[in-house]
Structure formats: C-alpha cells, structure tokens
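Chemist: Below you'll find the structure I mean.
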Amino acid sequence: MISRDDLMALSADASRDPLDWRRRQLWARWHAPSTETSASTPSKTPRPTSSKKSDNRRKSSPPTDAIEAPLVGDWVQLEEAGKEAPRIRAILTRRSCLTRKMAGPRIEAQGIAANIDHIAIVTAAGQDFSVARIERYLAAVWESGASPSILLNKIDQAPDGYAAWVEQLEQIALGVPIFAISALHGKGLQAFQDSLQPGMTVALVGSSGVGKSTLLNACVSHAAQRTHTTRSHDEQGKHTTTRREIFLGDHGIWWIDTPGMREFSPWDAQQGLQHVFSDILGYAKQCRFRDCTHHQEPGCAVQQAATEGLLEPKRIERYTALQRETHHQKEPTDQRTTKEKKEHWKSVTKGIRDRQKLHRQLGIEEW
C-alpha cells in the first residue's frame, strides 16, 4: 500500500502537474492490496446478497438487441468449429434493414430482414383491406433503405371490381408503384416481375392470408412454401408461414418470405414518415407555430387544408398517431441517457469530495 510519506512526496508535485498528481492518487487507490486496510477506516464486511435478488437482477438486465442478431439476408463471416457446424464470427455491414417495434407491450426493436433491395407490400382486395396498415408498412420500408411497391392481390375475388381499392392506395402511396394481381391465376404478375432487376433481393411483407406464399411460389417456378385458404367469415389467414426464409427464384432474384404481421408498428421511422406523409408535411411548413400539433392551434395550415378538402382528416389522425408512437419509442432511450449522465456527474462529484477529504487529512491546501 502507498504510505503516508509516499503520498506527501507525491503531493509535492501537485503544484507542477496537478493532472499527474490526480493520476498518481487514483493509481494509489486502485493498486492497494485488498488484504490491507487503512488504520483510520475500519474494514466493512460485505453484506450477503440472497440468490433470489441476484436472479432478479439477471432477469431485469436488458436483453441482446434483436437488430444486432443475425437476420435473414445477412452476409456473415464464419469460422470453423471442428466437427460441429461453423459458427458466425461477424455480421458484415448491412446496406438496408427492415425493423418494427416488437409485438406486445415491450418497447424494443425487432429485425425482420437485412440487405433487401426491394420490398413488396402485399395486401388483398377484401374485408381485411386497410390503408392505415399500408401506411405503417410504407414508413418502415422507406426507413429501411429499400424501395417499396404495393401488390393488391386476389383481384379475381372482387366481384364489383378492384378500382376502388387501387384508388385508395394511390391516395396514400405517393410515387409508389401499385400492381393489381392475382397470384393464384398469374394475372398481372408479369408487370411486377418486369419492374425487378436480376440479382435483386426482394422481400414480401403483409398480413396473414393476403397471398404472400402463393405469390412466392409463382415467382420461383416451384412450390417453395405451403399455402392455405383463409377463413371464410373474415378472410383472415391462418399463419401457414411461421418463419422468415430466403429462396432463389427466376433471373437470379432472391425472395424473402415473411410470416404475417397483423400488429405492425414501424421502429424509429422519422425519415419514413416524411416520405409517406409528404403531402401533410408540405402544409405543415406553413403553420404559424413550428411545434404545431395540427389539432386546435390557430393558424394551422394542415387543418385549413382539411377544411378545404385538400387533405383527408382521417389521414391527418393516422399521421399524428404514428408520430406519438415514434415519440413513445424514444422515451426509454432518452430516460436511459439521462440516467447515465446523472450517474456520470455523481461519480465526478464523489471524486472531488474524496480528493478534498484526502487533502484535509494530509494538510494540503487546495490549488
């Protein structure tokens, strides 16, 4: 242990190099043998910790980020493991990554697929059609770095025609290609396939029962995935696809099939929202207040556009709802950052007090 005389000798250098003195002081504190204790400070017996508390701490520790785990579409570096299967040594840098908020109450990100060039959002003409769900998918796709398209499937099952559904999609999918198809009968598929480039990686996303697996089977020229009929009373699917898989199709195109995701909330999709709701944001720039919520504020250009019939009120409600969700996702991260800053300055303050206490014991004047 560093003796009192040694500390006095070290303190003599403080006026010349205070930083070096602080460094030496910390060295003395951390390199003292654990078996010796100071005569002025009695040793404290560590308080036993029950195994139950230890288990609780382990359970409350944050899990591994799902985005950092390997995803379908990832390029990885492998290392040999003898007779066992090769192990993943590293995940190469992703050029795109589709994520969503994990289903349920937990506020965590869930990775869907990586290194995707194009994402086809599949919906169906029928009772389960929802423009709100399509907007959520579009926000996530734009945020991922891939390009989107929308496939309106099962047009053969629309007795009154599908023009009304296409019109609704055109109102919300600004500048996004829309294809009306029948995957079961191959109608309209050629136009969609012609829009793709050889060697691309294409992912199919959408709710259960919209026909993603049927569409995949038509694009890879063989039955790659099992399919199933939808329920007759509400036209919802039965989760035939239960995992994300990648398949090699015609013209060297890689296809990623995903399970149906009825509960879909984009993760941290600020840039994606700007793409999807560019019409609303164009009017928002003309609002009187910069932090306008577009609800009841005076001089709100968004509400004025809705009054004049230039914007749909329900679309504004969906936009503000997605904004609130994104803000709610950031709250835990902001709270964690605030806590880390508080702990940092608490440690700095404690270090200053310890130094002042040591100086008083040694009779050293503060510089």
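Labeling convention for the structure tokens: chains A, B, ... as they appear, residues from 1 per chain, ligands from 1 in order of appearance.
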Could you pull out the residues in segment 138-213 of chain A that DSSP calls helix (DSSP H, G or I) from the backbone, as an MDAnalysis selection string?

Modeler: chainID A and resid 138:144 155:157 163:172 189:194 212:213

Chemist: Residues within 12 Å of Val131 of chain A, please, as an NGL selection string. Count only C-alpha atoms; anything in the same chain fewer than 6 positions from it doesn't count.

Modeler: :A and (121-125 or 137-138 or 150 or 152 or 165-173 or 276 or 314-315 or 318)

Chemist: Keeping C-alpha atoms for every residue in the selection just given, could you write it to a file as a CSV table (one decimal), in the first residue's frame?

Modeler:
```
chain,number,residue,atom,x,y,z
A,121,ILE,CA,-46.1,-4.8,-49.5
A,122,VAL,CA,-48.8,-7.4,-50.3
A,123,THR,CA,-52.5,-6.7,-49.4
A,124,ALA,CA,-55.7,-8.2,-50.7
A,125,ALA,CA,-58.9,-6.9,-52.1
A,137,TYR,CA,-45.6,-0.7,-43.8
A,138,LEU,CA,-44.6,2.1,-46.2
A,150,ILE,CA,-47.7,-2.4,-53.3
A,152,LEU,CA,-53.1,-5.7,-54.5
A,165,TRP,CA,-59.1,-0.3,-53.8
A,166,VAL,CA,-56.5,0.9,-56.2
A,167,GLU,CA,-57.8,4.5,-55.9
A,168,GLN,CA,-57.4,4.4,-52.1
A,169,LEU,CA,-53.9,3.1,-52.5
A,170,GLU,CA,-53.0,5.9,-54.9
A,171,GLN,CA,-54.1,8.5,-52.4
A,172,ILE,CA,-51.7,7.3,-49.7
A,173,ALA,CA,-48.8,5.7,-51.6
A,276,VAL,CA,-45.3,8.6,-46.6
A,314,LYS,CA,-58.5,10.6,-41.1
A,315,ARG,CA,-55.2,10.7,-42.8
A,318,ARG,CA,-53.1,8.5,-38.7
```

Chemist: Determine, for each residue of segment 268-353 of chain A having at least one atom at most 12 Å from an atom of segment 98-103 of chain A, the closest pair of atoms and their separation in Å to one decimal, counting only C-alpha atoms; order by chain and ascending number, as a tab-separated table.

Modeler:
```
residue	atom	partner	partner_atom	distance
A:Asp268	CA	A:Arg100	CA	8.4
A:Ala269	CA	A:Arg100	CA	9.1
A:Gly272	CA	A:Leu98	CA	11.5
A:Glu325	CA	A:Lys101	CA	9.8
A:Thr326	CA	A:Lys101	CA	9.6
A:His328	CA	A:Lys101	CA	11.1
A:Gln329	CA	A:Lys101	CA	8.3
A:Lys330	CA	A:Lys101	CA	11.5
```

Chemist: Include C-alpha atoms and write out the residues we just selected as a CSV table (one decimal), in the first residue's frame.

Modeler:
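Printed below is part.csv as written:
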```
chain,number,residue,atom,x,y,z
A,268,ASP,CA,-37.9,5.0,-35.2
A,269,ALA,CA,-39.2,5.8,-38.7
A,272,GLY,CA,-40.1,7.1,-43.4
A,325,GLU,CA,-45.9,6.1,-31.3
A,326,THR,CA,-42.4,7.1,-32.5
A,328,HIS,CA,-43.1,6.9,-27.2
A,329,GLN,CA,-40.5,4.6,-28.5
A,330,LYS,CA,-37.7,7.2,-27.9
```

Chemist: Quick one: pull the distance between atom CA of Gly186 of chain A and atom CA of Pro198 of chain A, Å, one decimal.

Modeler: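 Atom CA of Pro198 of chain A lies at a distance of 19.9 Å from atom CA of Gly186 of chain A.
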
Chemist: Considering only C-alpha atoms, state which residue in the set A:Phe247, A:Tyr162, A:Trp254, A:Trp345 is at the smallest distance from Leu196 of chain A.

Modeler: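 Closest residue, counting only C-alpha atoms: A:Trp254.
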
Chemist: Please, which residues of segment 248-284 of chain A, numbered as in this document, come out strand (DSSP E or B) from DSSP, as number ranges by chain?

Modeler: A: 248, 254-257, 266

Chemist: For a quick check of understanding, using only C-alpha atoms, which of A:Ile112, A:Asn153, A:His295, A:Thr320 has the smallest distance to Gly260 of chain A?

Modeler: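 When distances to Gly260 of chain A are compared using only C-alpha atoms, the smallest one comes from A:Ile112.
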
Chemist: From the list A:Val302, A:Glu340, A:Ala183, A:Thr201, which residue is nearest Ser278 of chain A when using only C-alpha atoms?

Modeler: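 Nearest to Ser278 of chain A: A:Val302.
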
Chemist: Considering only C-alpha atoms, state which residue in the set A:Gly199, A:Gly282, A:Gly252, A:Gly211 is at the smallest distance from Ser182 of chain A.

Modeler: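 Of A:Gly199, A:Gly282, A:Gly252, A:Gly211, the one nearest Ser182 of chain A is A:Gly211, counting only C-alpha atoms.
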
Chemist: Any idea what's packed within 12 Å of Gln193 of chain A, counting only C-alpha atoms, ignoring anything in its chain fewer than 3 positions away? Could you give it as a compact mmCIF listing (two decimals) with C-alpha atoms, in the first residue's frame?

Modeler:
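File produced: around.txt:
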```txt
# COMPACT_ATOMS: atom_id res chain seq x y z
CA HIS A 118 -36.96 -4.06 -52.83
CA ALA A 120 -43.29 -5.68 -51.91
CA SER A 149 -44.09 -1.35 -54.14
CA LEU A 151 -49.32 -5.54 -54.65
CA PHE A 179 -49.75 -3.60 -59.11
CA ILE A 181 -52.53 -9.03 -59.38
CA ALA A 183 -51.09 -14.66 -57.61
CA GLY A 186 -50.89 -15.39 -62.53
CA LYS A 187 -52.78 -12.29 -63.60
CA GLY A 188 -50.72 -9.08 -63.52
CA LEU A 189 -47.57 -10.84 -62.25
CA GLN A 190 -45.56 -10.19 -65.40
CA LEU A 196 -37.40 -6.02 -60.86
CA GLN A 197 -33.75 -6.33 -61.83
CA PRO A 198 -31.80 -9.65 -61.98
CA MET A 200 -32.08 -8.24 -56.58
CA VAL A 202 -36.96 -8.89 -52.76
CA LEU A 215 -47.06 -15.19 -54.84
CA LEU A 216 -43.63 -16.60 -53.91
CA ALA A 218 -45.48 -18.27 -58.66
CA CYS A 219 -42.23 -16.28 -58.81
CA VAL A 220 -39.80 -19.14 -58.12
CA GLY A 249 -36.08 -17.57 -57.97
CA ASP A 250 -36.00 -16.93 -61.70
CA HIS A 251 -33.48 -14.48 -63.18
CA ILE A 253 -33.71 -12.88 -57.87
CA TRP A 255 -37.04 -13.85 -52.48
```

Chemist: Hey, can you check how far atom CA of Arg288 of chain A sits from atom CA of Glu143 of chain A?

Modeler: 28.6 Å

Chemist: Report, in Å with one decimal, the straight-line distance from atom CA of Ala163 of chain A to atom CA of Pro177 of chain A.

Modeler: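 So the answer is 15.1 Å.
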